[in-house]
Each structure stands twice: as structure tokens, then as C-alpha cells.
Amino acid sequence: MSPIKTGLLGGTFNPVHRGHIELGLKIKEAFGLNRILYVLSARPPHKKRQLLPAAELRLAMLQAALHSYPGLEPCDLELRRQGDSWTIDTIRELQAASPLARFYFITGSEGFLKIRTWKDYRQVLRAVYFIIVLRRSGHRPKVERLLRAEGIPSLGAGVDPGPPPAAFLHAYRSDNLDLSATTIRRKRSHGQDVSPYVEKNVQKIMEEIKLYEER
């Protein structure tokens, strides 16, 4: 039986936007993944000082955004689990639930360059494959140096990696790649139109409850 190739795309999704969706679609096609799980970070330990909307609300927006995209699936695993949302715990739980799956952790190069701040980061690196999306051209040598220092082979998209660890560096051009949830929240707070940046049903949720509007 062929393994189910599953991408893992984590985030607070505050809010989920078209960049998140485009990223999933492009990675799914480029790497021949069967599905991508959008793992909602319910209680992110690195963002404790940031005031986040309730995880249930962010999940509702995520579900609405992905409804029309088969193979892109919301995952509420961290919401259902108590305590901080540590990546290593999520990976272990998903692997236990789907032992035949092959997991690919998708992250931007900015996030990957901070991986040494993650809990049990070496175990994370060796538990799954990494797909590192190069957000800036200057990030490639930095990412490659970090991978070499950690003993992680860097491969091309068409290469069969064998068992983890392994990392794939991926780059593509798109206006949506630089979309920022921070920018969307700021535009909402100033009463500006965000329809080019989010799905219609996500915008509807935000408007119904006046999310991110100035109080």
C-alpha cells in the first residue's frame, strides 16, 4: 500500500487568507501530496503576548475558507488537546493516528530559520520531511547552512527522500506569497476593503461579528 503523502501547514490563521490557500495548492501539486492538513495553532507558546481571537472562531474561518478546495483540510487537533500547542506533540499524535502516512511539514524560510527555538526541535527535524518555502532569495544560503549544521540533507522536489530526515527547498513567485494577516487586520481596523485578500465566506464571518474592527 502506498503511503498517504500528507502536508502539514500550521498557523494561527488570524485570519486565514488567499496566500495560505495558494500555498497549499501549489505545494500539493509540486510534491504530489494526497492532502494538506491546515493545523490550527490553538494556544501558540511563541505568541502568548499577542491577543488572539478564540481558537473556535479562527477554526470556523479556516473551515469556511477551505470548504471549496478538496484536499485542503482544516485540522483541530491542537484545539482539542489541552495545554500549549507544541509542534512535536502534534506530529507524534498524527503519526500515531496514521502510521502509514508520510508527513511533510510546510514552513516559510523565516520560520525555519528560527527552528532552534522550537521545543525538541531536533526531534521535529528527524520525525518528518520538511518543505521550506523560500520567502526571500537571500534565505537560501542561510537555510542551507542551518540544514548542514543539523545534518539534514537538502533535496529537490522530484527526489525520493527515503526515510526522514530530509528537507526540500521550494520557491515560487506570487503576489499572494507576501500576503500578511497583520496587514489584513490593520486594514479591517481602518475600515478598508479586504475582499482581495480573503475568501468571501471568511469576509462574511469577519463582518458579521465586526472582527478586527476598531472598538
# chains A, B, ... in the order shown; residues from 1 in each chain; ligands from 1
>>> closest_atom_pairs(of="stretch 146-197 of chain A", to="stretch 111-121 of chain A", cutoff="12 Å", atoms="only C-alpha atoms", output="JSON lines")
{"residue": "A:Leu146", "atom": "CA", "partner": "A:Leu113", "partner_atom": "CA", "distance": 7.5}
{"residue": "A:Leu147", "atom": "CA", "partner": "A:Leu113", "partner_atom": "CA", "distance": 9.6}
{"residue": "A:Ala149", "atom": "CA", "partner": "A:Arg116", "partner_atom": "CA", "distance": 11.4}
{"residue": "A:Glu150", "atom": "CA", "partner": "A:Arg116", "partner_atom": "CA", "distance": 10.0}
{"residue": "A:Ala167", "atom": "CA", "partner": "A:Phe112", "partner_atom": "CA", "distance": 10.9}
{"residue": "A:Phe168", "atom": "CA", "partner": "A:Phe112", "partner_atom": "CA", "distance": 12.0}
{"residue": "A:Leu169", "atom": "CA", "partner": "A:Phe112", "partner_atom": "CA", "distance": 11.0}
>>> closest_atom_pairs(of="stretch 85-189 of chain A", to="stretch 6-19 of chain A", cutoff="9 Å", atoms="only C-alpha atoms", output="Markdown table")
| residue | atom | partner | partner_atom | distance |
| --- | --- | --- | --- | --- |
| A:Thr87 | CA | A:Gly10 | CA | 8.6 |
| A:Ile91 | CA | A:Leu8 | CA | 9.0 |
| A:Ala101 | CA | A:Thr6 | CA | 6.7 |
| A:Arg102 | CA | A:Thr6 | CA | 6.0 |
| A:Phe103 | CA | A:Thr6 | CA | 4.9 |
| A:Tyr104 | CA | A:Gly7 | CA | 4.6 |
| A:Phe105 | CA | A:Leu8 | CA | 4.8 |
| A:Ile106 | CA | A:Leu9 | CA | 5.2 |
| A:Thr107 | CA | A:Leu9 | CA | 6.9 |
| A:Ile131 | CA | A:Gly7 | CA | 8.8 |
| A:Ser174 | CA | A:Gly19 | CA | 8.8 |
| A:Asp175 | CA | A:Gly19 | CA | 8.3 |
| A:Asn176 | CA | A:Gly19 | CA | 4.5 |
| A:Leu177 | CA | A:Gly19 | CA | 5.4 |
| A:Asp178 | CA | A:Gly19 | CA | 7.4 |
| A:Leu179 | CA | A:Gly19 | CA | 5.8 |
| A:Ser180 | CA | A:Gly19 | CA | 8.2 |
| A:Ala181 | CA | A:Pro15 | CA | 5.9 |
| A:Thr182 | CA | A:Asn14 | CA | 8.1 |
| A:Ile184 | CA | A:Pro15 | CA | 7.8 |
| A:Arg185 | CA | A:Pro15 | CA | 7.8 |
>>> closest_residue(among="A:Ala54, A:Ile209, A:Ala64, A:Ala166", to="A:Pro153", atoms="only C-alpha atoms")
A:Ala166
>>> closest_residue(among="A:Met1, A:Val39, A:Val202, A:Leu51", to="A:Glu78", atoms="only C-alpha atoms")
A:Val39
>>> select_by_dssp(residues="stretch 120-185 of chain A", states="strand (DSSP E or B)", output="PyMOL selection string")
chain A and resi 129-133+154-155+166-170
>>> write_last_selection(atoms="N, CA and C atoms", output="PDB file, in the first residue's frame")
ATOM      1  N   TYR A 129       9.487  14.964   6.996  1.00  0.00           N
ATOM      2  CA  TYR A 129      10.155  15.723   5.942  1.00  0.00           C
ATOM      3  C   TYR A 129       9.775  17.195   6.087  1.00  0.00           C
ATOM      4  N   PHE A 130      10.663  18.069   5.676  1.00  0.00           N
ATOM      5  CA  PHE A 130      10.370  19.499   5.677  1.00  0.00           C
ATOM      6  C   PHE A 130      10.307  20.007   4.241  1.00  0.00           C
ATOM      7  N   ILE A 131       9.286  20.814   3.964  1.00  0.00           N
ATOM      8  CA  ILE A 131       9.231  21.597   2.735  1.00  0.00           C
ATOM      9  C   ILE A 131       9.386  23.047   3.159  1.00  0.00           C
ATOM     10  N   ILE A 132      10.502  23.655   2.780  1.00  0.00           N
ATOM     11  CA  ILE A 132      10.820  25.009   3.221  1.00  0.00           C
ATOM     12  C   ILE A 132      10.597  25.958   2.048  1.00  0.00           C
ATOM     13  N   VAL A 133       9.619  26.829   2.189  1.00  0.00           N
ATOM     14  CA  VAL A 133       9.276  27.778   1.129  1.00  0.00           C
ATOM     15  C   VAL A 133      10.152  29.009   1.288  1.00  0.00           C
ATOM     16  N   SER A 154      19.455  18.189   1.965  1.00  0.00           N
ATOM     17  CA  SER A 154      18.585  19.081   1.197  1.00  0.00           C
ATOM     18  C   SER A 154      18.394  18.482  -0.196  1.00  0.00           C
ATOM     19  N   LEU A 155      17.136  18.281  -0.592  1.00  0.00           N
ATOM     20  CA  LEU A 155      16.822  17.569  -1.822  1.00  0.00           C
ATOM     21  C   LEU A 155      15.958  18.418  -2.747  1.00  0.00           C
ATOM     22  N   ALA A 166      14.881  14.738   5.960  1.00  0.00           N
ATOM     23  CA  ALA A 166      15.209  15.331   4.668  1.00  0.00           C
ATOM     24  C   ALA A 166      14.423  16.618   4.540  1.00  0.00           C
ATOM     25  N   ALA A 167      14.979  17.553   3.782  1.00  0.00           N
ATOM     26  CA  ALA A 167      14.299  18.829   3.576  1.00  0.00           C
ATOM     27  C   ALA A 167      14.316  19.173   2.092  1.00  0.00           C
ATOM     28  N   PHE A 168      13.232  19.777   1.653  1.00  0.00           N
ATOM     29  CA  PHE A 168      13.101  20.241   0.276  1.00  0.00           C
ATOM     30  C   PHE A 168      12.990  21.765   0.295  1.00  0.00           C
ATOM     31  N   LEU A 169      13.784  22.421  -0.523  1.00  0.00           N
ATOM     32  CA  LEU A 169      13.687  23.876  -0.646  1.00  0.00           C
ATOM     33  C   LEU A 169      12.855  24.199  -1.874  1.00  0.00           C
ATOM     34  N   HIS A 170      11.853  25.056  -1.687  1.00  0.00           N
ATOM     35  CA  HIS A 170      10.895  25.327  -2.759  1.00  0.00           C
ATOM     36  C   HIS A 170      10.678  26.831  -2.864  1.00  0.00           C
TER      37      HIS A 170
END
>>> residues_around(residues="A:Arg135", least_positions_apart="4", cutoff="8 Å", atoms="only C-alpha atoms", output="PyMOL selection string")
chain A and resi 108-110+139+171+177-178
>>> residues_around(residues="A:Ile21", least_positions_apart="4", cutoff="12 Å", atoms="only C-alpha atoms", output="ChimeraX atom specification")
/A:9,13,15-17,25-28,36-38,62-74,176-177,179,197-199
>>> write_last_selection(atoms="C-alpha atoms", output="PDB file, in the first residue's frame")
ATOM      1  CA  LEU A   9       0.684  23.572   7.351  1.00  0.00           C
ATOM      2  CA  PHE A  13      -4.682  31.693  10.792  1.00  0.00           C
ATOM      3  CA  PRO A  15      -7.180  35.300   9.713  1.00  0.00           C
ATOM      4  CA  VAL A  16      -6.685  32.637   7.048  1.00  0.00           C
ATOM      5  CA  HIS A  17      -6.125  34.363   3.685  1.00  0.00           C
ATOM      6  CA  LEU A  25      -2.496  24.272  -3.711  1.00  0.00           C
ATOM      7  CA  LYS A  26       0.976  24.882  -5.147  1.00  0.00           C
ATOM      8  CA  ILE A  27       2.771  22.629  -2.653  1.00  0.00           C
ATOM      9  CA  LYS A  28       0.189  19.864  -3.079  1.00  0.00           C
ATOM     10  CA  ILE A  36      -2.676  19.064   3.261  1.00  0.00           C
ATOM     11  CA  LEU A  37      -3.817  19.476   6.855  1.00  0.00           C
ATOM     12  CA  TYR A  38      -4.094  23.090   7.985  1.00  0.00           C
ATOM     13  CA  LEU A  62     -10.464  28.134   8.357  1.00  0.00           C
ATOM     14  CA  GLN A  63     -13.283  25.677   7.697  1.00  0.00           C
ATOM     15  CA  ALA A  64     -15.130  28.275   5.626  1.00  0.00           C
ATOM     16  CA  ALA A  65     -12.029  29.145   3.595  1.00  0.00           C
ATOM     17  CA  LEU A  66     -11.127  25.547   2.730  1.00  0.00           C
ATOM     18  CA  HIS A  67     -14.646  24.305   2.030  1.00  0.00           C
ATOM     19  CA  SER A  68     -14.271  24.691  -1.755  1.00  0.00           C
ATOM     20  CA  TYR A  69     -10.781  23.175  -2.011  1.00  0.00           C
ATOM     21  CA  PRO A  70     -10.699  19.349  -1.975  1.00  0.00           C
ATOM     22  CA  GLY A  71      -7.505  18.030  -0.435  1.00  0.00           C
ATOM     23  CA  LEU A  72      -7.020  21.096   1.769  1.00  0.00           C
ATOM     24  CA  GLU A  73      -8.408  20.129   5.170  1.00  0.00           C
ATOM     25  CA  PRO A  74      -8.736  22.014   8.472  1.00  0.00           C
ATOM     26  CA  ASN A 176      -0.181  36.198  -2.598  1.00  0.00           C
ATOM     27  CA  LEU A 177       3.050  34.800  -1.165  1.00  0.00           C
ATOM     28  CA  LEU A 179       0.173  38.495   1.971  1.00  0.00           C
ATOM     29  CA  TYR A 197      -7.150  39.027   0.363  1.00  0.00           C
ATOM     30  CA  VAL A 198      -9.679  36.632   1.916  1.00  0.00           C
ATOM     31  CA  GLU A 199     -12.375  34.230   0.737  1.00  0.00           C
TER      32      GLU A 199
END
>>> closest_residue(among="A:Val128, A:Ile4, A:Val194, A:Leu134", to="A:Leu23", atoms="only C-alpha atoms")
A:Leu134
>>> atom_distance(atom1="atom CA of A:Leu33", atom2="atom CA of A:Ala97")
18.2 Å
>>> atom_distance(atom1="atom CA of A:Gly191", atom2="atom CA of A:Ser41")
27.2 Å
>>> decode(residues="stretch 16-146 of chain A", atoms="C-alpha atoms", output="compact mmCIF listing (two decimals), in the first residue's frame")
# COMPACT_ATOMS: atom_id res chain seq x y z
CA VAL A 16 -6.68 32.64 7.05
CA HIS A 17 -6.13 34.36 3.69
CA ARG A 18 -5.65 33.66 -0.02
CA GLY A 19 -1.89 33.30 0.44
CA HIS A 20 -2.44 30.32 2.75
CA ILE A 21 -4.73 28.68 0.21
CA GLU A 22 -2.49 29.31 -2.78
CA LEU A 23 0.49 27.96 -0.87
CA GLY A 24 -1.36 24.73 -0.12
CA LEU A 25 -2.50 24.27 -3.71
CA LYS A 26 0.98 24.88 -5.15
CA ILE A 27 2.77 22.63 -2.65
CA LYS A 28 0.19 19.86 -3.08
CA GLU A 29 0.74 19.87 -6.84
CA ALA A 30 4.53 20.28 -6.78
CA PHE A 31 5.10 17.40 -4.35
CA GLY A 32 2.21 15.14 -5.35
CA LEU A 33 0.66 15.23 -1.89
CA ASN A 34 -2.65 13.49 -1.28
CA ARG A 35 -3.81 16.15 1.16
CA ILE A 36 -2.68 19.06 3.26
CA LEU A 37 -3.82 19.48 6.86
CA TYR A 38 -4.09 23.09 7.99
CA VAL A 39 -3.23 22.63 11.64
CA LEU A 40 -4.74 25.41 13.72
CA SER A 41 -2.38 26.53 16.47
CA ALA A 42 -4.88 26.94 19.27
CA ARG A 43 -2.51 28.12 22.03
CA PRO A 44 0.80 29.05 20.36
CA PRO A 45 3.51 29.32 23.04
CA HIS A 46 5.52 31.82 20.96
CA LYS A 47 2.59 34.25 20.72
CA LYS A 48 1.31 34.35 24.29
CA ARG A 49 1.53 38.14 24.41
CA GLN A 50 -0.50 38.52 21.22
CA LEU A 51 -4.23 38.87 21.75
CA LEU A 52 -5.76 36.17 19.56
CA PRO A 53 -9.43 35.65 18.72
CA ALA A 54 -10.84 32.43 20.18
CA ALA A 55 -9.47 29.30 18.56
CA GLU A 56 -13.03 28.22 17.75
CA LEU A 57 -13.56 31.40 15.72
CA ARG A 58 -10.30 31.02 13.84
CA LEU A 59 -11.24 27.40 13.13
CA ALA A 60 -14.63 28.50 11.78
CA MET A 61 -12.90 30.87 9.35
CA LEU A 62 -10.46 28.13 8.36
CA GLN A 63 -13.28 25.68 7.70
CA ALA A 64 -15.13 28.28 5.63
CA ALA A 65 -12.03 29.14 3.59
CA LEU A 66 -11.13 25.55 2.73
CA HIS A 67 -14.65 24.31 2.03
CA SER A 68 -14.27 24.69 -1.75
CA TYR A 69 -10.78 23.17 -2.01
CA PRO A 70 -10.70 19.35 -1.97
CA GLY A 71 -7.51 18.03 -0.43
CA LEU A 72 -7.02 21.10 1.77
CA GLU A 73 -8.41 20.13 5.17
CA PRO A 74 -8.74 22.01 8.47
CA CYS A 75 -7.28 20.20 11.48
CA ASP A 76 -8.47 21.00 15.01
CA LEU A 77 -6.14 18.57 16.79
CA GLU A 78 -4.39 21.27 18.83
CA LEU A 79 -7.69 22.85 19.77
CA ARG A 80 -8.90 19.53 21.22
CA ARG A 81 -5.66 18.98 23.13
CA GLN A 82 -5.06 20.74 26.42
CA GLY A 83 -2.04 22.94 27.05
CA ASP A 84 0.34 24.76 24.72
CA SER A 85 0.36 23.87 21.02
CA TRP A 86 3.81 22.32 20.62
CA THR A 87 4.67 21.06 17.11
CA ILE A 88 6.42 17.92 18.34
CA ASP A 89 3.30 16.81 20.24
CA THR A 90 1.12 17.36 17.18
CA ILE A 91 3.46 15.38 14.94
CA ARG A 92 3.61 12.46 17.36
CA GLU A 93 -0.17 12.37 17.70
CA LEU A 94 -0.72 12.47 13.94
CA GLN A 95 1.88 9.75 13.34
CA ALA A 96 0.27 7.54 15.96
CA ALA A 97 -3.15 8.01 14.35
CA SER A 98 -1.86 7.40 10.79
CA PRO A 99 1.23 5.16 10.98
CA LEU A 100 1.25 4.56 7.20
CA ALA A 101 1.19 8.25 6.30
CA ARG A 102 4.24 10.14 5.08
CA PHE A 103 4.22 13.62 6.63
CA TYR A 104 5.68 16.76 5.06
CA PHE A 105 5.94 19.80 7.33
CA ILE A 106 5.49 23.00 5.33
CA THR A 107 7.07 26.19 6.63
CA GLY A 108 8.30 29.52 5.36
CA SER A 109 12.03 30.16 5.42
CA GLU A 110 11.60 32.88 8.09
CA GLY A 111 10.03 30.38 10.46
CA PHE A 112 12.51 27.64 9.66
CA LEU A 113 15.46 29.90 10.43
CA LYS A 114 14.08 30.13 13.99
CA ILE A 115 13.58 26.38 14.40
CA ARG A 116 16.21 26.13 17.13
CA THR A 117 13.77 28.00 19.40
CA TRP A 118 11.16 25.22 18.98
CA LYS A 119 10.58 22.64 21.70
CA ASP A 120 12.58 19.44 20.97
CA TYR A 121 13.47 20.89 17.56
CA ARG A 122 15.95 18.14 16.68
CA GLN A 123 13.24 15.54 17.21
CA VAL A 124 10.93 17.59 14.98
CA LEU A 125 13.58 17.75 12.23
CA ARG A 126 14.02 14.00 12.29
CA ALA A 127 10.38 12.99 12.61
CA VAL A 128 9.06 14.36 9.29
CA TYR A 129 10.15 15.72 5.94
CA PHE A 130 10.37 19.50 5.68
CA ILE A 131 9.23 21.60 2.73
CA ILE A 132 10.82 25.01 3.22
CA VAL A 133 9.28 27.78 1.13
CA LEU A 134 11.92 30.39 0.35
CA ARG A 135 10.23 33.71 1.03
CA ARG A 136 13.34 35.75 0.20
CA SER A 137 16.11 34.93 -2.29
CA GLY A 138 18.73 35.66 0.34
CA HIS A 139 17.31 32.99 2.63
CA ARG A 140 18.55 30.03 0.57
CA PRO A 141 22.20 30.09 1.76
CA LYS A 142 21.10 30.68 5.36
CA VAL A 143 18.67 27.75 5.25
CA GLU A 144 21.26 25.51 3.59
CA ARG A 145 23.84 26.36 6.27
CA LEU A 146 21.37 25.54 9.02
